[in-house]
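*Asks:* I'd like to ask some things about the structure below.
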Amino acid sequence: GESVGLHLPTLSVQEGDNSIINCAYSNSASDYFIWYKQESGKGPQFIIDIRSNMDKRQGQRVTVLLNKTVKHLSLQIAATQPGDSAVYFCAESPYSGGGADGLTFGKGTHLIIQP
Amino acid sequence: NAGVTQTPKFQVLKTGQSMTLQCAQDMNHNSMYWYRQDPGMGLRLIYYSASEGTTDKGEVPNGYNVSRLNKREFSLRLESAAPSQTSVYFCAGGGIFYEQYFGPGTRLTVT
């Protein structure tokens, strides 16, 4: 079936550097995308979302980029801090406005921060 | 404002036993969801409830049942637990754009 995936299971970065986490999706009908952060032993935490009518959206220290041509989503974290260490998931929905019938999640990238 | 709460936090069952996982949200969400997460995997949707009074199957519904008790509460029941149901279970509430807010999870082991 169609799915959302991530390029790397693990990403190691130096504290203070910028991090870029990538996600490829296969459903060309996907219209709504979300990035989640999951710390060890906790539930996923909403970070930022983007609709398919946008190609960039910024939050606090985070930016999500969407390239619909190649079906690619990325999360950029500026000035990575130890507290950013977590597993990051992208998720998608084919429905405008998200849709009530759930999200499809990728497998996750574990971001490791080196001191 | 607690967001989404789940009980219990941990549970060990023997094969064949039954149990109900509880979920409650105080965010006035219409939609609610149950997912399971297995090691190294993303979350997979078990069941969801688009609104009070409705429930629908997700990707992996076999072996589970759900009840949307009211707008706040959405429970997941395992009638006859199997080792394959060992997992971490997350409940979520859906926001206005259906972005989802998750509870802390229930860690279930079936021996």
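Lettering and numbering for the structure tokens are positional, with chains as A, B, ... in the shown order, residues counted from 1 in each chain, and ligands counted from 1 in the shown order.
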Would you tabulate, counting only C-alpha atoms, all residues of chain B that have an atom at most 8 Å from an atom of chain A, showing the closest pair of atoms and their distance in Å to one decimal, sorted by chain then ascending number, as JSON lines?
*Replies:*
{"residue": "B:Ser31", "atom": "CA", "partner": "A:Ala100", "partner_atom": "CA", "distance": 6.3}
{"residue": "B:Tyr33", "atom": "CA", "partner": "A:Gly102", "partner_atom": "CA", "distance": 7.2}
{"residue": "B:Gly40", "atom": "CA", "partner": "A:Lys107", "partner_atom": "CA", "distance": 6.7}
{"residue": "B:Met41", "atom": "CA", "partner": "A:Lys107", "partner_atom": "CA", "distance": 4.8}
{"residue": "B:Gly42", "atom": "CA", "partner": "A:Lys107", "partner_atom": "CA", "distance": 4.1}
{"residue": "B:Leu43", "atom": "CA", "partner": "A:Phe105", "partner_atom": "CA", "distance": 5.9}
{"residue": "B:Arg44", "atom": "CA", "partner": "A:Phe105", "partner_atom": "CA", "distance": 7.3}
{"residue": "B:Leu45", "atom": "CA", "partner": "A:Gly102", "partner_atom": "CA", "distance": 6.9}
{"residue": "B:Tyr48", "atom": "CA", "partner": "A:Asp101", "partner_atom": "CA", "distance": 6.6}
{"residue": "B:Ser49", "atom": "CA", "partner": "A:Asp101", "partner_atom": "CA", "distance": 7.8}
{"residue": "B:Ala50", "atom": "CA", "partner": "A:Ala100", "partner_atom": "CA", "distance": 5.3}
{"residue": "B:Gly58", "atom": "CA", "partner": "A:Asp101", "partner_atom": "CA", "distance": 7.8}
{"residue": "B:Phe90", "atom": "CA", "partner": "A:Gly43", "partner_atom": "CA", "distance": 7.0}
{"residue": "B:Gly94", "atom": "CA", "partner": "A:Ala100", "partner_atom": "CA", "distance": 7.4}
{"residue": "B:Phe97", "atom": "CA", "partner": "A:Gly97", "partner_atom": "CA", "distance": 5.0}
{"residue": "B:Tyr98", "atom": "CA", "partner": "A:Gly98", "partner_atom": "CA", "distance": 5.0}
{"residue": "B:Glu99", "atom": "CA", "partner": "A:Gly98", "partner_atom": "CA", "distance": 6.7}
{"residue": "B:Gln100", "atom": "CA", "partner": "A:Phe46", "partner_atom": "CA", "distance": 7.3}
{"residue": "B:Tyr101", "atom": "CA", "partner": "A:Phe46", "partner_atom": "CA", "distance": 6.6}
{"residue": "B:Phe102", "atom": "CA", "partner": "A:Gly43", "partner_atom": "CA", "distance": 5.7}
{"residue": "B:Gly103", "atom": "CA", "partner": "A:Gly43", "partner_atom": "CA", "distance": 5.7}
{"residue": "B:Pro104", "atom": "CA", "partner": "A:Gly43", "partner_atom": "CA", "distance": 4.5}
{"residue": "B:Gly105", "atom": "CA", "partner": "A:Gly43", "partner_atom": "CA", "distance": 6.0}
*Asks:* If you run DSSP over the backbone, which residues in stretch 5-97 of chain A end up strand (DSSP E)? Put them as a VMD selection string.
*Replies:* chain A and resid 5 to 6 10 to 14 19 to 25 32 to 38 45 to 51 56 to 58 62 to 67 72 to 77 86 to 93
*Asks:* A:Thr80: which residues within 10 Å, counting only C-alpha atoms, same-chain residues fewer than 5 positions away excluded, as a PyMOL selection string?
*Replies:* chain A and resi 13-19+61-62+85+111-114
*Asks:* Residues of the last selection are to be written out with all heavy atoms, as an mmCIF file, in the first residue's frame.
*Replies:*
data_model
loop_
_atom_site.group_PDB
_atom_site.id
_atom_site.type_symbol
_atom_site.label_atom_id
_atom_site.label_comp_id
_atom_site.auth_asym_id
_atom_site.auth_seq_id
_atom_site.Cartn_x
_atom_site.Cartn_y
_atom_site.Cartn_z
ATOM 1 N N VAL A 13 23.874 14.800 14.821
ATOM 2 C CA VAL A 13 24.328 16.160 14.532
ATOM 3 C C VAL A 13 25.012 16.745 15.760
ATOM 4 O O VAL A 13 24.758 16.320 16.889
ATOM 5 C CB VAL A 13 23.172 17.082 14.099
ATOM 6 C CG1 VAL A 13 22.517 16.573 12.843
ATOM 7 C CG2 VAL A 13 22.161 17.243 15.208
ATOM 8 N N GLN A 14 25.861 17.722 15.518
ATOM 9 C CA GLN A 14 26.533 18.425 16.604
ATOM 10 C C GLN A 14 25.575 19.453 17.214
ATOM 11 O O GLN A 14 24.809 20.117 16.495
ATOM 12 C CB GLN A 14 27.764 19.160 16.093
ATOM 13 C CG GLN A 14 28.905 18.249 15.643
ATOM 14 C CD GLN A 14 29.575 17.550 16.803
ATOM 15 O OE1 GLN A 14 29.688 16.327 16.791
ATOM 16 N NE2 GLN A 14 29.986 18.294 17.798
ATOM 17 N N GLU A 15 25.648 19.586 18.514
ATOM 18 C CA GLU A 15 24.862 20.617 19.193
ATOM 19 C C GLU A 15 25.187 21.980 18.591
ATOM 20 O O GLU A 15 26.347 22.309 18.376
ATOM 21 C CB GLU A 15 25.181 20.610 20.690
ATOM 22 C CG GLU A 15 24.376 21.583 21.501
ATOM 23 C CD GLU A 15 24.693 21.503 22.994
ATOM 24 O OE1 GLU A 15 25.350 20.525 23.403
ATOM 25 O OE2 GLU A 15 24.286 22.407 23.727
ATOM 26 N N GLY A 16 24.147 22.749 18.293
ATOM 27 C CA GLY A 16 24.340 24.062 17.699
ATOM 28 C C GLY A 16 24.223 24.083 16.189
ATOM 29 O O GLY A 16 23.967 25.143 15.597
ATOM 30 N N ASP A 17 24.413 22.929 15.553
ATOM 31 C CA ASP A 17 24.254 22.851 14.102
ATOM 32 C C ASP A 17 22.770 22.793 13.741
ATOM 33 O O ASP A 17 21.921 22.549 14.597
ATOM 34 C CB ASP A 17 24.950 21.600 13.550
ATOM 35 C CG ASP A 17 26.458 21.735 13.539
ATOM 36 O OD1 ASP A 17 26.963 22.843 13.833
ATOM 37 O OD2 ASP A 17 27.122 20.720 13.241
ATOM 38 N N ASN A 18 22.502 22.993 12.468
ATOM 39 C CA ASN A 18 21.133 22.821 11.981
ATOM 40 C C ASN A 18 20.915 21.363 11.593
ATOM 41 O O ASN A 18 21.821 20.693 11.095
ATOM 42 C CB ASN A 18 20.886 23.714 10.764
ATOM 43 C CG ASN A 18 20.985 25.191 11.115
ATOM 44 O OD1 ASN A 18 20.778 25.586 12.265
ATOM 45 N ND2 ASN A 18 21.312 26.012 10.133
ATOM 46 N N SER A 19 19.711 20.868 11.836
ATOM 47 C CA SER A 19 19.350 19.494 11.484
ATOM 48 C C SER A 19 18.331 19.520 10.360
ATOM 49 O O SER A 19 17.439 20.372 10.349
ATOM 50 C CB SER A 19 18.731 18.768 12.681
ATOM 51 O OG SER A 19 19.607 18.748 13.775
ATOM 52 N N ARG A 61 12.033 27.977 15.606
ATOM 53 C CA ARG A 61 13.248 27.183 15.340
ATOM 54 C C ARG A 61 13.034 26.032 14.365
ATOM 55 O O ARG A 61 13.953 25.274 14.091
ATOM 56 C CB ARG A 61 13.859 26.595 16.625
ATOM 57 C CG ARG A 61 14.843 27.464 17.303
ATOM 58 C CD ARG A 61 15.793 26.736 18.275
ATOM 59 N NE ARG A 61 15.159 25.726 19.097
ATOM 60 C CZ ARG A 61 15.473 24.445 19.048
ATOM 61 N NH1 ARG A 61 16.387 23.997 18.214
ATOM 62 N NH2 ARG A 61 14.865 23.586 19.858
ATOM 63 N N VAL A 62 11.840 25.846 13.856
ATOM 64 C CA VAL A 62 11.594 24.778 12.892
ATOM 65 C C VAL A 62 10.991 25.335 11.614
ATOM 66 O O VAL A 62 10.251 26.309 11.639
ATOM 67 C CB VAL A 62 10.669 23.677 13.460
ATOM 68 C CG1 VAL A 62 11.324 22.958 14.625
ATOM 69 C CG2 VAL A 62 9.331 24.260 13.874
ATOM 70 N N SER A 85 16.740 15.963 20.981
ATOM 71 C CA SER A 85 16.990 14.535 20.802
ATOM 72 C C SER A 85 15.686 13.764 20.961
ATOM 73 O O SER A 85 15.027 13.826 21.993
ATOM 74 C CB SER A 85 18.008 14.059 21.838
ATOM 75 O OG SER A 85 18.262 12.684 21.675
ATOM 76 N N LEU A 111 16.919 11.371 15.982
ATOM 77 C CA LEU A 111 17.886 12.470 15.967
ATOM 78 C C LEU A 111 18.734 12.395 17.234
ATOM 79 O O LEU A 111 18.209 12.459 18.350
ATOM 80 C CB LEU A 111 17.163 13.812 15.889
ATOM 81 C CG LEU A 111 18.056 15.058 15.856
ATOM 82 C CD1 LEU A 111 18.912 15.073 14.589
ATOM 83 C CD2 LEU A 111 17.218 16.321 15.945
ATOM 84 N N ILE A 112 20.042 12.247 17.023
ATOM 85 C CA ILE A 112 20.983 12.155 18.143
ATOM 86 C C ILE A 112 21.831 13.417 18.155
ATOM 87 O O ILE A 112 22.397 13.800 17.118
ATOM 88 C CB ILE A 112 21.879 10.915 17.999
ATOM 89 C CG1 ILE A 112 21.014 9.649 18.021
ATOM 90 C CG2 ILE A 112 22.937 10.870 19.100
ATOM 91 C CD1 ILE A 112 21.772 8.388 17.649
ATOM 92 N N ILE A 113 21.938 14.049 19.305
ATOM 93 C CA ILE A 113 22.694 15.296 19.422
ATOM 94 C C ILE A 113 24.044 15.004 20.072
ATOM 95 O O ILE A 113 24.111 14.510 21.193
ATOM 96 C CB ILE A 113 21.933 16.338 20.276
ATOM 97 C CG1 ILE A 113 20.462 16.425 19.852
ATOM 98 C CG2 ILE A 113 22.626 17.701 20.196
ATOM 99 C CD1 ILE A 113 20.239 16.764 18.408
ATOM 100 N N GLN A 114 25.095 15.322 19.349
ATOM 101 C CA GLN A 114 26.453 15.141 19.869
ATOM 102 C C GLN A 114 26.881 16.429 20.583
ATOM 103 O O GLN A 114 26.701 17.501 20.054
ATOM 104 C CB GLN A 114 27.424 14.842 18.720
ATOM 105 C CG GLN A 114 27.060 13.654 17.869
ATOM 106 C CD GLN A 114 27.370 12.336 18.562
ATOM 107 O OE1 GLN A 114 27.894 12.319 19.671
ATOM 108 N NE2 GLN A 114 27.049 11.243 17.899
#
*Asks:* Please identify all polymer residues within 7 Å of stretch 1-15 of chain B, counting only C-alpha atoms, omitting same-chain residues fewer than 4 positions from it, and present them as a list of chain:residue names.
*Replies:*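 The residues satisfying every condition are B:Leu21, B:Gln22, B:Cys23, B:Ala24, B:Gln25, B:Asp26, B:Met27, B:Ala81, B:Ala82, B:Pro83, B:Ala92, B:Phe102, B:Gly103, B:Pro104, B:Gly105, B:Thr106, B:Arg107, B:Leu108, B:Thr109, B:Val110, B:Thr111.
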*Asks:* Tell me which protein, DNA and RNA residues are within 9 Å of A:Val70, counting only C-alpha atoms, leaving out same-chain ones fewer than 3 positions away, and put them as a list in words.
*Replies:* Ala24, Tyr25 and Asn67 of chain A
*Asks:* Between atom CA of B:Lys57 and atom CA of A:Arg51, measure the distance and give it in Å to one decimal.
*Replies:*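 Going from atom CA of B:Lys57 over to atom CA of A:Arg51 covers 25.4 Å.
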*Asks:* Hey, can you check how far atom CA of B:Val60 sits from atom CA of B:Ile46?
*Replies:*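 Taking atom CA of B:Val60 and atom CA of B:Ile46, their separation equals 4.8 Å.
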*Asks:* Which residues are close to B:Arg68, i.e. within 7 Å by only C-alpha atoms, leaving aside same-chain residues fewer than 5 positions away? Reply as a list in words.
*Replies:*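 Within the cut-off, the hits are Ser49, Glu52, Gly53, Glu73, Phe74 and Ser75 of chain B.
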